[in-house]
>>> print(open('upload.cif').read())   # mmCIF, C-alpha atoms (C1' of nucleotides)
data_work
#
loop_
_atom_site.label_atom_id
_atom_site.label_comp_id
_atom_site.auth_asym_id
_atom_site.auth_seq_id
_atom_site.Cartn_x
_atom_site.Cartn_y
_atom_site.Cartn_z
CA MET M 1 32.76 23.42 -76.92
CA THR M 2 35.69 22.51 -74.71
CA ALA M 3 36.79 24.00 -71.36
CA PRO M 4 39.54 26.63 -71.77
CA LYS M 5 42.98 25.57 -70.57
CA TYR M 6 43.65 28.80 -68.74
CA LYS M 7 42.16 32.19 -68.06
CA ARG M 8 43.68 35.09 -69.86
CA LEU M 9 43.97 38.19 -67.69
CA ALA M 10 44.77 41.84 -68.27
CA PRO M 11 48.43 42.48 -67.39
CA GLU M 12 47.58 44.59 -64.33
CA ASP M 13 45.25 41.91 -62.99
CA ARG M 14 47.80 39.17 -63.44
CA ALA M 15 50.47 41.35 -61.86
CA ALA M 16 48.23 41.97 -58.87
CA GLU M 17 47.64 38.24 -58.51
CA LEU M 18 51.36 37.54 -58.56
CA VAL M 19 52.06 40.27 -56.02
CA GLU M 20 49.42 38.84 -53.73
CA ALA M 21 50.97 35.41 -54.07
CA GLY M 22 54.36 36.93 -53.34
CA LEU M 23 53.13 38.50 -50.13
CA LYS M 24 51.58 35.22 -49.09
CA VAL M 25 54.85 33.39 -49.69
CA LEU M 26 56.88 36.00 -47.79
CA ALA M 27 54.47 35.84 -44.85
CA LYS M 28 54.65 32.09 -44.64
CA GLY M 29 58.26 31.27 -45.38
CA GLY M 30 60.27 34.47 -45.39
CA ILE M 31 62.70 35.54 -48.06
CA THR M 32 64.23 32.08 -48.47
CA ALA M 33 60.85 30.72 -49.56
CA PHE M 34 60.51 33.40 -52.22
CA THR M 35 61.26 31.09 -55.15
CA ILE M 36 59.74 30.76 -58.58
CA ASP M 37 58.32 27.36 -57.73
CA ASN M 38 56.62 28.55 -54.55
CA LEU M 39 55.30 31.64 -56.26
CA CYS M 40 53.82 29.56 -59.05
CA LYS M 41 52.20 27.18 -56.62
CA ALA M 42 50.77 30.06 -54.58
CA SER M 43 49.40 31.92 -57.58
CA GLY M 44 48.41 28.96 -59.73
CA ALA M 45 50.26 30.46 -62.67
CA SER M 46 53.06 28.88 -64.67
CA ARG M 47 56.79 29.42 -64.42
CA GLY M 48 57.13 31.78 -67.33
CA LEU M 49 54.74 34.41 -66.09
CA ILE M 50 56.93 36.07 -63.51
CA GLY M 51 59.60 36.73 -66.06
CA HIS M 52 57.00 37.94 -68.52
CA HIS M 53 55.34 40.47 -66.22
CA PHE M 54 58.17 41.54 -63.93
CA GLY M 55 61.33 40.72 -65.86
CA GLY M 56 62.40 38.28 -63.16
CA LYS M 57 62.11 37.43 -59.49
CA ASP M 58 63.66 40.68 -58.31
CA GLY M 59 61.07 42.72 -60.16
CA LEU M 60 58.29 40.90 -58.38
CA LEU M 61 60.04 41.39 -55.06
CA ALA M 62 60.19 45.14 -55.63
CA ALA M 63 56.50 45.16 -56.49
CA CYS M 64 55.77 43.23 -53.32
CA TYR M 65 57.69 45.79 -51.34
CA ALA M 66 55.63 48.62 -52.78
CA ALA M 67 52.47 46.68 -52.05
CA ALA M 68 53.54 46.16 -48.43
CA TYR M 69 54.10 49.89 -48.01
CA ALA M 70 50.83 50.91 -49.64
CA PRO M 71 48.57 50.67 -46.57
CA LEU M 72 50.96 52.78 -44.51
CA LEU M 73 51.10 55.49 -47.11
CA GLN M 74 47.38 55.38 -47.53
CA VAL M 75 46.94 56.26 -43.88
CA ILE M 76 49.05 59.38 -44.22
CA GLY M 77 48.24 60.08 -47.84
CA THR M 78 45.16 62.22 -47.38
CA ASP M 79 45.29 65.86 -48.37
CA THR M 80 44.05 67.15 -45.04
CA PRO M 81 46.55 66.01 -42.41
CA LEU M 82 45.11 63.64 -39.82
CA PRO M 83 45.23 64.61 -36.16
CA LEU M 84 47.89 62.69 -34.24
CA GLY M 85 45.45 60.54 -32.27
CA ALA M 86 43.61 59.37 -35.35
CA LEU M 87 46.90 58.72 -37.13
CA LEU M 88 48.04 56.45 -34.31
CA ASP M 89 44.68 54.69 -34.22
CA ASP M 90 45.13 53.85 -37.87
CA LEU M 91 48.79 52.87 -37.63
CA LEU M 92 48.15 50.60 -34.66
CA SER M 93 44.88 49.14 -35.78
CA ASP M 94 44.47 45.40 -36.08
CA ARG M 95 44.36 45.78 -39.81
CA GLN M 96 47.89 47.10 -39.91
CA PHE M 97 49.15 44.84 -37.18
CA GLN M 98 48.11 41.57 -38.73
CA ARG M 99 50.65 38.89 -38.14
CA ASP M 100 51.19 38.06 -41.79
CA GLY M 101 51.91 41.68 -42.60
CA LEU M 102 54.53 41.79 -39.89
CA ASN M 103 56.29 38.70 -41.17
CA ILE M 104 56.39 40.32 -44.57
CA TRP M 105 58.09 43.39 -43.14
CA LEU M 106 60.61 41.27 -41.31
CA ALA M 107 61.43 39.40 -44.49
CA LEU M 108 61.74 42.62 -46.47
CA TRP M 109 63.86 44.47 -43.91
CA GLY M 110 66.49 41.81 -44.06
CA GLU M 111 66.58 42.24 -47.79
CA ILE M 112 66.42 46.05 -47.81
CA ALA M 113 69.51 46.20 -45.63
CA VAL M 114 71.40 44.28 -48.28
CA ASN M 115 69.75 45.04 -51.63
CA PRO M 116 70.61 48.54 -52.90
CA ALA M 117 67.70 48.86 -55.31
CA LEU M 118 65.12 47.93 -52.70
CA ARG M 119 66.82 50.21 -50.24
CA ALA M 120 66.65 53.26 -52.46
CA GLU M 121 62.96 52.70 -52.97
CA HIS M 122 62.48 52.31 -49.25
CA LEU M 123 64.18 55.59 -48.44
CA ARG M 124 61.86 57.43 -50.80
CA GLN M 125 58.75 55.96 -49.22
CA TYR M 126 60.09 56.31 -45.70
CA ASP M 127 60.74 60.00 -46.22
CA ARG M 128 57.08 60.73 -46.94
CA TYR M 129 56.06 58.64 -43.97
CA HIS M 130 58.42 60.44 -41.64
CA ARG M 131 57.38 63.90 -42.78
CA ALA M 132 53.69 63.17 -42.35
CA ILE M 133 54.20 61.91 -38.81
CA ALA M 134 56.46 64.81 -37.87
CA ALA M 135 53.81 67.23 -39.14
CA ALA M 136 51.11 65.58 -37.06
CA ILE M 137 53.32 65.71 -33.97
CA ALA M 138 54.18 69.36 -34.56
CA SER M 139 50.60 70.47 -34.88
CA HIS M 140 49.49 68.43 -31.88
CA ALA M 141 52.25 69.83 -29.68
CA LEU M 142 51.46 73.35 -30.83
CA ALA M 143 47.80 72.90 -29.96
CA HIS M 144 48.81 71.79 -26.47
CA GLY M 145 51.37 74.51 -25.97
CA ARG M 146 54.37 72.18 -25.83
CA GLN M 147 57.74 72.77 -27.40
CA VAL M 148 59.21 69.69 -29.08
CA ASP M 149 61.54 68.59 -31.86
CA PRO M 150 58.97 67.04 -34.19
CA SER M 151 61.46 65.37 -36.52
CA ARG M 152 63.31 63.66 -33.73
CA LEU M 153 60.16 62.60 -31.94
CA ALA M 154 58.85 61.24 -35.24
CA SER M 155 62.00 59.15 -35.64
CA GLY M 156 61.52 57.82 -32.15
CA LEU M 157 57.86 57.10 -32.73
CA ILE M 158 58.56 55.23 -35.95
CA ALA M 159 61.30 53.26 -34.22
CA LEU M 160 58.98 52.40 -31.36
CA ILE M 161 56.20 51.28 -33.68
CA ASP M 162 58.64 49.20 -35.73
CA GLY M 163 60.02 47.61 -32.60
CA LEU M 164 56.55 46.81 -31.35
CA TRP M 165 55.81 45.19 -34.69
CA VAL M 166 58.82 42.99 -34.24
CA GLU M 167 57.73 41.98 -30.75
CA ILE M 168 54.20 41.20 -31.84
CA CYS M 169 55.59 39.20 -34.71
CA ILE M 170 58.24 37.24 -32.87
CA ALA M 171 56.56 36.94 -29.47
CA PRO M 172 52.79 37.37 -29.92
CA ASP M 173 52.05 36.17 -26.38
CA ARG M 174 54.08 39.01 -24.93
CA MET M 175 52.71 41.93 -26.95
CA ASP M 176 49.45 42.81 -28.65
CA PRO M 177 48.01 45.87 -30.40
CA PRO M 178 46.25 47.39 -27.35
CA ALA M 179 49.39 47.14 -25.24
CA ALA M 180 51.35 48.61 -28.13
CA ARG M 181 48.94 51.50 -28.35
CA GLN M 182 49.36 52.18 -24.63
CA LEU M 183 53.13 52.19 -24.93
CA VAL M 184 53.04 54.59 -27.82
CA GLU M 185 50.94 56.94 -25.72
CA ALA M 186 53.35 56.55 -22.83
CA PHE M 187 56.10 57.64 -25.18
CA LEU M 188 54.34 60.62 -26.74
CA ALA M 189 52.02 62.08 -24.12
CA PRO M 190 54.71 63.41 -21.76
CA HIS M 191 56.10 65.48 -24.63
CA THR M 192 53.19 66.38 -26.84
CA GLY M 193 50.34 66.47 -24.33
CA PRO M 194 47.49 64.00 -23.89
CA LEU M 195 46.35 62.16 -27.00
CA ARG M 196 42.61 61.87 -26.32
CA MET H 1 110.38 18.84 -44.47
CA THR H 2 107.32 20.02 -46.44
CA ALA H 3 104.73 22.68 -45.62
CA PRO H 4 101.54 21.23 -44.08
CA LYS H 5 98.50 21.23 -46.36
CA TYR H 6 96.20 22.58 -43.66
CA LYS H 7 96.14 23.57 -40.02
CA ARG H 8 94.42 21.21 -37.67
CA LEU H 9 92.38 22.98 -35.00
CA ALA H 10 90.67 21.98 -31.79
CA PRO H 11 86.93 21.52 -32.46
CA GLU H 12 85.96 24.56 -30.41
CA ASP H 13 88.45 26.76 -32.22
CA ARG H 14 87.27 25.63 -35.64
CA ALA H 15 83.66 26.08 -34.58
CA ALA H 16 84.41 29.61 -33.44
CA GLU H 17 86.06 30.34 -36.78
CA LEU H 18 83.03 29.08 -38.67
CA VAL H 19 80.63 31.08 -36.51
CA GLU H 20 82.67 34.20 -37.12
CA ALA H 21 82.57 33.56 -40.83
CA GLY H 22 78.81 33.01 -40.59
CA LEU H 23 78.29 36.36 -38.89
CA LYS H 24 80.41 38.04 -41.53
CA VAL H 25 78.34 36.48 -44.30
CA LEU H 26 75.04 37.45 -42.65
CA ALA H 27 76.24 41.01 -42.17
CA LYS H 28 77.28 41.37 -45.77
CA GLY H 29 74.62 39.52 -47.70
CA GLY H 30 71.78 38.63 -45.37
CA ILE H 31 70.18 35.25 -45.02
CA THR H 32 70.15 34.56 -48.76
CA ALA H 33 73.95 34.74 -48.83
CA PHE H 34 74.23 32.21 -46.02
CA THR H 35 75.32 29.35 -48.28
CA ILE H 36 77.91 26.63 -47.86
CA ASP H 37 80.03 28.08 -50.63
CA ASN H 38 80.06 31.59 -49.16
CA LEU H 39 80.74 30.25 -45.70
CA CYS H 40 83.68 28.22 -46.97
CA LYS H 41 85.10 31.19 -48.83
CA ALA H 42 84.71 33.43 -45.78
CA SER H 43 86.30 30.97 -43.39
CA GLY H 44 88.88 29.44 -45.70
CA ALA H 45 87.75 25.96 -44.71
CA SER H 46 86.50 23.23 -46.99
CA ARG H 47 82.92 22.20 -47.74
CA GLY H 48 82.81 19.21 -45.47
CA LEU H 49 83.65 21.03 -42.25
CA ILE H 50 80.26 22.62 -41.58
CA GLY H 51 78.56 19.26 -41.65
CA HIS H 52 81.29 17.78 -39.49
CA HIS H 53 81.14 20.39 -36.73
CA PHE H 54 77.50 21.52 -36.82
CA GLY H 55 75.66 18.68 -38.49
CA GLY H 56 74.61 20.96 -41.33
CA LYS H 57 73.92 24.54 -42.28
CA ASP H 58 71.07 24.98 -39.82
CA GLY H 59 73.29 23.99 -36.92
CA LEU H 60 75.74 26.70 -37.84
CA LEU H 61 72.92 29.21 -38.18
CA ALA H 62 71.71 28.41 -34.66
CA ALA H 63 75.25 28.84 -33.35
CA CYS H 64 75.47 32.19 -35.14
CA TYR H 65 72.26 33.25 -33.50
CA ALA H 66 73.59 32.44 -30.06
CA ALA H 67 76.78 34.30 -30.87
CA ALA H 68 74.80 37.36 -31.93
CA TYR H 69 72.91 37.36 -28.65
CA ALA H 70 75.99 36.85 -26.52
CA PRO H 71 77.03 40.49 -26.15
CA LEU H 72 73.53 41.50 -25.09
CA LEU H 73 73.37 38.82 -22.46
CA GLN H 74 76.85 39.69 -21.29
CA VAL H 75 75.69 43.20 -20.47
CA ILE H 76 72.91 41.94 -18.24
CA GLY H 77 74.63 38.77 -17.13
CA THR H 78 76.42 40.10 -14.08
CA ASP H 79 75.41 38.88 -10.68
CA THR H 80 74.92 42.35 -9.23
CA PRO H 81 72.19 44.04 -11.29
CA LEU H 82 73.38 47.13 -13.15
CA PRO H 83 71.68 50.47 -12.47
CA LEU H 84 69.37 51.52 -15.31
CA GLY H 85 71.56 54.34 -16.58
CA ALA H 86 74.62 52.13 -16.87
CA LEU H 87 72.58 49.40 -18.52
CA LEU H 88 71.41 51.83 -21.20
CA ASP H 89 74.92 53.15 -21.68
CA ASP H 90 76.05 49.64 -22.42
CA LEU H 91 73.11 48.68 -24.61
CA LEU H 92 73.42 51.83 -26.70
CA SER H 93 77.18 52.00 -26.88
CA ASP H 94 78.83 52.15 -30.24
CA ARG H 95 80.06 48.63 -29.72
CA GLN H 96 76.52 47.29 -29.64
CA PHE H 97 75.32 49.54 -32.40
CA GLN H 98 77.84 48.60 -35.02
CA ARG H 99 76.31 48.45 -38.44
CA ASP H 100 77.33 44.87 -39.16
CA GLY H 101 75.70 43.69 -35.98
CA LEU H 102 72.46 45.34 -36.97
CA ASN H 103 72.43 43.68 -40.36
CA ILE H 104 72.96 40.37 -38.63
CA TRP H 105 69.94 40.97 -36.43
CA LEU H 106 67.81 41.94 -39.36
CA ALA H 107 68.79 38.80 -41.21
CA LEU H 108 68.10 36.64 -38.16
CA TRP H 109 64.76 38.22 -37.30
CA GLY H 110 63.40 37.34 -40.67
CA GLU H 111 64.43 33.77 -40.10
CA ILE H 112 63.32 33.56 -36.47
CA ALA H 113 59.80 34.52 -37.52
CA VAL H 114 59.71 31.51 -39.80
CA ASN H 115 62.07 28.90 -38.35
CA PRO H 116 60.58 27.18 -35.27
CA ALA H 117 63.87 25.89 -33.86
CA LEU H 118 65.53 29.28 -34.03
CA ARG H 119 62.43 30.87 -32.57
CA ALA H 120 62.33 28.62 -29.53
CA GLU H 121 65.95 29.45 -28.80
CA HIS H 122 65.21 33.14 -29.22
CA LEU H 123 62.34 33.10 -26.74
CA ARG H 124 64.59 31.54 -24.12
CA GLN H 125 67.25 34.20 -24.53
CA TYR H 126 64.77 37.03 -24.86
CA ASP H 127 63.13 36.07 -21.59
CA ARG H 128 66.33 36.59 -19.62
CA TYR H 129 66.93 39.86 -21.39
CA HIS H 130 63.44 41.13 -20.65
CA ARG H 131 63.55 40.18 -16.97
CA ALA H 132 66.88 41.88 -16.41
CA ILE H 133 65.67 45.11 -17.96
CA ALA H 134 62.37 45.03 -16.09
CA ALA H 135 64.29 44.57 -12.83
CA ALA H 136 66.50 47.56 -13.58
CA ILE H 137 63.47 49.69 -14.39
CA ALA H 138 61.67 48.60 -11.24
CA SER H 139 64.54 49.43 -8.93
CA HIS H 140 65.18 52.76 -10.62
CA ALA H 141 61.52 53.76 -10.37
CA LEU H 142 61.42 52.70 -6.75
CA ALA H 143 64.45 54.82 -5.95
CA HIS H 144 62.77 57.84 -7.55
CA GLY H 145 59.41 57.21 -5.89
CA ARG H 146 57.56 56.51 -9.14
CA GLN H 147 54.97 53.84 -9.64
CA VAL H 148 55.29 52.00 -12.98
CA ASP H 149 54.59 48.67 -14.65
CA PRO H 150 58.18 47.47 -15.09
CA SER H 151 57.36 44.56 -17.37
CA ARG H 152 55.36 46.66 -19.78
CA LEU H 153 57.89 49.49 -19.76
CA ALA H 154 60.61 46.92 -20.41
CA SER H 155 58.71 45.64 -23.44
CA GLY H 156 58.40 49.18 -24.72
CA LEU H 157 62.04 49.91 -24.09
CA ILE H 158 63.17 46.79 -25.90
CA ALA H 159 60.85 47.61 -28.78
CA LEU H 160 62.20 51.16 -28.95
CA ILE H 161 65.81 50.00 -28.92
CA ASP H 162 65.08 47.39 -31.58
CA GLY H 163 63.33 49.97 -33.74
CA LEU H 164 66.22 52.39 -33.34
CA TRP H 165 68.56 49.61 -34.42
CA VAL H 166 66.54 49.19 -37.54
CA GLU H 167 66.64 52.90 -38.31
CA ILE H 168 70.37 53.13 -37.74
CA CYS H 169 70.86 50.12 -39.96
CA ILE H 170 68.57 51.10 -42.81
CA ALA H 171 68.97 54.87 -42.70
CA PRO H 172 72.25 55.73 -40.98
CA ASP H 173 72.06 59.38 -42.03
CA ARG H 174 68.79 59.80 -40.13
CA MET H 175 69.70 58.19 -36.83
CA ASP H 176 72.86 57.63 -34.80
CA PRO H 177 73.70 56.24 -31.37
CA PRO H 178 73.68 59.59 -29.48
CA ALA H 179 70.26 60.51 -30.90
CA ALA H 180 69.05 57.03 -30.05
CA ARG H 181 70.24 57.43 -26.49
CA GLN H 182 68.39 60.73 -26.20
CA LEU H 183 65.17 59.20 -27.49
CA VAL H 184 65.42 56.33 -25.04
CA GLU H 185 65.74 58.86 -22.25
CA ALA H 186 62.76 60.77 -23.57
CA PHE H 187 60.80 57.56 -23.38
CA LEU H 188 61.85 56.49 -19.90
CA ALA H 189 62.51 59.61 -17.87
CA PRO H 190 58.87 60.82 -17.68
CA HIS H 191 57.92 57.52 -16.07
CA THR H 192 60.94 56.37 -14.09
CA GLY H 193 62.52 59.68 -13.16
CA PRO H 194 65.73 61.26 -14.52
CA LEU H 195 68.40 58.88 -15.70
CA ARG H 196 71.54 60.82 -14.76
"C1'" DT C 1 110.42 6.28 -35.76
"C1'" DT C 2 106.02 4.07 -35.78
"C1'" DT C 3 101.24 4.01 -34.63
"C1'" DC C 4 96.83 5.83 -33.79
"C1'" DT C 5 93.33 9.21 -33.46
"C1'" DT C 6 90.55 12.33 -35.64
"C1'" DG C 7 90.23 16.84 -37.86
"C1'" DT C 8 90.20 17.84 -42.75
"C1'" DT C 9 89.66 17.61 -47.65
"C1'" DG C 10 87.34 17.71 -52.11
"C1'" DA C 11 84.91 15.10 -55.45
"C1'" DA C 12 80.46 13.05 -56.32
"C1'" DC C 13 75.69 13.12 -55.94
"C1'" DA C 14 70.85 14.45 -56.25
"C1'" DC C 15 68.15 18.06 -56.13
"C1'" DA C 16 66.53 23.13 -56.22
"C1'" DC C 17 66.68 27.17 -58.70
"C1'" DA C 18 66.17 31.20 -62.23
"C1'" DT C 19 65.80 32.16 -66.79
"C1'" DA C 20 64.98 31.65 -71.82
"C1'" DC C 21 62.17 30.49 -75.40
"C1'" DA C 22 59.38 28.26 -78.94
"C1'" DA C 23 54.92 26.54 -79.24
"C1'" DC C 24 50.26 27.23 -77.81
"C1'" DA C 25 45.64 29.26 -77.18
"C1'" DG C 26 42.41 32.71 -75.24
"C1'" DT C 27 40.14 36.96 -76.78
"C1'" DG C 28 38.83 40.85 -79.38
"C1'" DC C 29 38.41 42.52 -84.03
"C1'" DT C 30 36.96 42.44 -88.78
"C1'" DA Y 1 34.56 32.34 -89.65
"C1'" DG Y 2 39.01 33.92 -90.08
"C1'" DC Y 3 42.70 36.69 -88.34
"C1'" DA Y 4 46.03 38.90 -85.45
"C1'" DC Y 5 47.61 40.02 -81.04
"C1'" DT Y 6 49.53 38.76 -76.97
"C1'" DG Y 7 48.99 36.48 -72.54
"C1'" DT Y 8 50.24 31.82 -71.19
"C1'" DT Y 9 52.41 27.40 -70.89
"C1'" DG Y 10 55.97 24.03 -69.82
"C1'" DT Y 11 60.18 22.13 -71.16
"C1'" DA Y 12 65.06 22.70 -71.63
"C1'" DT Y 13 69.31 24.45 -69.89
"C1'" DG Y 14 72.92 25.69 -67.03
"C1'" DT Y 15 74.15 27.03 -62.61
"C1'" DG Y 16 73.73 26.94 -57.52
"C1'" DT Y 17 73.05 24.25 -53.42
"C1'" DG Y 18 73.41 20.94 -49.20
"C1'" DT Y 19 74.97 16.66 -47.90
"C1'" DT Y 20 77.66 12.50 -47.95
"C1'" DC Y 21 81.76 9.89 -47.68
"C1'" DA Y 22 86.09 7.58 -48.59
"C1'" DA Y 23 90.67 8.92 -48.62
"C1'" DC Y 24 94.10 11.83 -46.54
"C1'" DA Y 25 97.29 13.83 -43.23
"C1'" DA Y 26 98.46 16.60 -38.91
"C1'" DG Y 27 99.76 16.04 -34.49
"C1'" DA Y 28 99.96 13.48 -30.22
"C1'" DA Y 29 101.33 9.30 -28.00
"C1'" DA Y 30 104.20 5.34 -27.55
#
>>> encode(input="upload.cif", output="structure tokens")
Amino acid sequence: MTAPKYKRLAPEDRAAELVEAGLKVLAKGGITAFTIDNLCKASGASRGLIGHHFGGKDGLLAACYAAAYAPLLQVIGTDTPLPLGALLDDLLSDRQFQRDGLNIWLALWGEIAVNPALRAEHLRQYDRYHRAIAAAIASHALAHGRQVDPSRLASGLIALIDGLWVEICIAPDRMDPPAARQLVEAFLAPHTGPLR
Amino acid sequence: MTAPKYKRLAPEDRAAELVEAGLKVLAKGGITAFTIDNLCKASGASRGLIGHHFGGKDGLLAACYAAAYAPLLQVIGTDTPLPLGALLDDLLSDRQFQRDGLNIWLALWGEIAVNPALRAEHLRQYDRYHRAIAAAIASHALAHGRQVDPSRLASGLIALIDGLWVEICIAPDRMDPPAARQLVEAFLAPHTGPLR
DNA sequence: TTTCTTGTTGAACACACATACAACAGTGCT
DNA sequence: AGCACTGTTGTATGTGTGTTCAACAAGAAA
């Protein structure tokens, strides 16, 4: 009767652990800290595992990217489309705006701009995101009798939210979620009608 | 009479060459490509020069950051404050929105979020930027008899512009400078009055 | 031409890094 | 208990990386 040297996990559990470690590493040290050694330290696993489960560092990075996008898509992923106000509440909630999450996005954006594989994946995900937001804007504007270009406004809204993320991330004492929410309303309300 | 083995430059000229090479490297490969070898290849200089002129890689990165910010500060750096419309024209001109420049920002943001020295420098520069834009918004709103919170609107405007940069950079077929300019107007005009 | 200053070079170093792989050991099955 | 499957380990390997530094040479000054 001796203590086991390690715990043997189902592949999906181990993969989830590694992805979580990857997100932690990205949040703390950015893309330059995303190394095998750091990932092993953060996950408690050994060097060989990343190659075994993801085929290499890049595979894990792609999985981390998908994991970072998951909460966004979950917000818009319901069958019955959310009303615009509720959608914004979710997108701008503290849960989404956590500092670590923002650092992860910053780290990934720099890589997406430069890594074709990651970029292709991003465009796919982004497309769903954009369409869901445009739909919410369209139906809101219709209900308030306004005429707008939903696609363009959606692009602007996404850009604004992204920019606010950056500000919160880089200068937290200058911007916070409530102020961000107010600015988003200031952007939308004049075109789509009041949001609540 | 034999050809010289290398050209000897004044320190400031060589430094400028290295910074230019650094920006090129950041634009092409992001922060992970910012290595001594790549920098030497891009600038044509030898390995020892970066240490000699900047004390190390980080020194050059800081200089690259300052160089990336320079055109922004130049726009707002005149003694007589620009009117809001002209300021936006400058900020959203093609010159500012060049793709390479956006990749550089993306690469730097990821590092600023994680590198304290770079971040301190950023906050200094950002503060001037923010104040100049808030001043332009305040005087424009005053002239049009609107009451606004210039500082908050400035934060929103900067966030929107940053977000639009990201979209142009990551998805150029979805966003371009003229559309960006229109969206910025859609954001500001309802609060500050018409921009032209 | 000779001398001096200093920008420049490139090899040498120690370390970080990603990957491959053979040996190992949990865990379920019989 | 014995077996087989496969998740796990950690070392080995080769390459990439940042910095240092002694020697070199371009260009100005005398």
>>> closest_residue(input="upload.cif", among="M:Asn115, M:Ser46, M:Thr35, M:Ser151", to="DG10 (chain Y)", atoms="all atoms listed in the file")
M:Ser46
>>> resolve_selection(input="upload.cif", expression="the PyMOL selection byres ((chain M) within 7 of (chain H))", output="MDAnalysis selection string")
chainID M and resid 29:30 32 103 106:107 109:111 113:114 156 159:160 162:164 167 169:170 183 187 190
>>> closest_residue(input="upload.cif", among="Y:DG7, Y:DG2, Y:DG27, Y:DA12", to="DC21 (chain C)", atoms="all atoms listed in the file")
Y:DA12
>>> closest_atom_pairs(input="upload.cif", of="chain Y", to="chain H", cutoff="10 Å", atoms="all atoms listed in the file", output="JSON lines")
{"residue": "Y:DG16", "atom": "C1'", "partner": "H:Asp37", "partner_atom": "CA", "distance": 9.4}
{"residue": "Y:DT17", "atom": "C1'", "partner": "H:Thr35", "partner_atom": "CA", "distance": 7.6}
{"residue": "Y:DG18", "atom": "C1'", "partner": "H:Ile36", "partner_atom": "CA", "distance": 7.4}
{"residue": "Y:DT19", "atom": "C1'", "partner": "H:Gly51", "partner_atom": "CA", "distance": 7.7}
{"residue": "Y:DT20", "atom": "C1'", "partner": "H:Gly48", "partner_atom": "CA", "distance": 8.8}
{"residue": "Y:DC21", "atom": "C1'", "partner": "H:Gly48", "partner_atom": "CA", "distance": 9.6}
{"residue": "Y:DA25", "atom": "C1'", "partner": "H:Lys5", "partner_atom": "CA", "distance": 8.1}
{"residue": "Y:DA26", "atom": "C1'", "partner": "H:Arg8", "partner_atom": "CA", "distance": 6.3}
{"residue": "Y:DG27", "atom": "C1'", "partner": "H:Arg8", "partner_atom": "CA", "distance": 8.1}
>>> resolve_selection(input="upload.cif", expression="the PyMOL selection byres ((chain M and resi 64-73) around 7)", output="NGL selection string")
:M and (19 or 22-23 or 60-63 or 74-77 or 129)
>>> closest_residue(input="upload.cif", among="H:Ala42, H:Leu87, H:Leu92, H:Leu49", to="chain C", atoms="all atoms listed in the file")
H:Leu49
>>> resolve_selection(input="upload.cif", expression="the PyMOL selection byres ((chain C) within 12 of (chain H))", output="compact mmCIF listing (two decimals) with C-alpha atoms (C1' of nucleotides), in the coordinates of the input")
# COMPACT_ATOMS: atom_id res chain seq x y z
C1' DT C 6 90.55 12.33 -35.64
C1' DG C 7 90.23 16.84 -37.86
C1' DT C 8 90.20 17.84 -42.75
C1' DT C 9 89.66 17.61 -47.65
C1' DG C 10 87.34 17.71 -52.11
C1' DA C 11 84.91 15.10 -55.45
>>> atom_distance(input="upload.cif", atom1="CA of Asp176 (chain H)", atom2="CA of His130 (chain M)")
16.2 Å
>>> residues_around(input="upload.cif", residues="Ala136 (chain M)", least_positions_apart="2", cutoff="7 Å", atoms="only C-alpha atoms (C1' of nucleotides)", output="MDAnalysis selection string")
chainID M and resid 82:84 132:134 138:140
>>> atom_distance(input="upload.cif", atom1="CA of Arg181 (chain H)", atom2="CA of Asp100 (chain H)")
19.2 Å
>>> atom_distance(input="upload.cif", atom1="CA of Asp89 (chain H)", atom2="CA of Ala143 (chain H)")
19.0 Å
>>> residues_around(input="upload.cif", residues="DT15 (chain Y)", least_positions_apart="2", cutoff="10 Å", atoms="all atoms listed in the file", output="ChimeraX atom specification")
/C:17-18 /Y:13,17
>>> residues_around(input="upload.cif", residues="DT3 (chain C)", least_positions_apart="2", cutoff="12 Å", atoms="all atoms listed in the file", output="PyMOL selection string")
(chain C and resi 1+5) or (chain Y and resi 28-30)
>>> write_last_selection(input="upload.cif", atoms="C-alpha atoms (C1' of nucleotides)", output="short mmCIF file (atom, residue, chain, number, x, y, z; two decimals), keeping the file's coordinate frame")
data_model
loop_
_atom_site.label_atom_id
_atom_site.label_comp_id
_atom_site.auth_asym_id
_atom_site.auth_seq_id
_atom_site.Cartn_x
_atom_site.Cartn_y
_atom_site.Cartn_z
"C1'" DT C 1 110.42 6.28 -35.76
"C1'" DT C 5 93.33 9.21 -33.46
"C1'" DA Y 28 99.96 13.48 -30.22
"C1'" DA Y 29 101.33 9.30 -28.00
"C1'" DA Y 30 104.20 5.34 -27.55
#
>>> decode(input="upload.cif", residues="region 129-140 of chain M", atoms="C-alpha atoms", output="JSON list (two decimals), in the first residue's frame")
[["chain", "number", "residue", "atom", "x", "y", "z"],
["M", 129, "TYR", "CA", -20.84, 37.16, -32.46],
["M", 130, "HIS", "CA", -21.35, 40.01, -34.90],
["M", 131, "ARG", "CA", -24.53, 38.55, -36.38],
["M", 132, "ALA", "CA", -26.11, 37.99, -32.98],
["M", 133, "ILE", "CA", -25.44, 41.57, -31.92],
["M", 134, "ALA", "CA", -26.65, 43.01, -35.22],
["M", 135, "ALA", "CA", -29.87, 41.03, -34.86],
["M", 136, "ALA", "CA", -30.44, 42.35, -31.35],
["M", 137, "ILE", "CA", -29.84, 45.92, -32.52],
["M", 138, "ALA", "CA", -32.18, 45.49, -35.49],
["M", 139, "SER", "CA", -35.05, 44.20, -33.42],
["M", 140, "HIS", "CA", -34.57, 46.84, -30.75]]
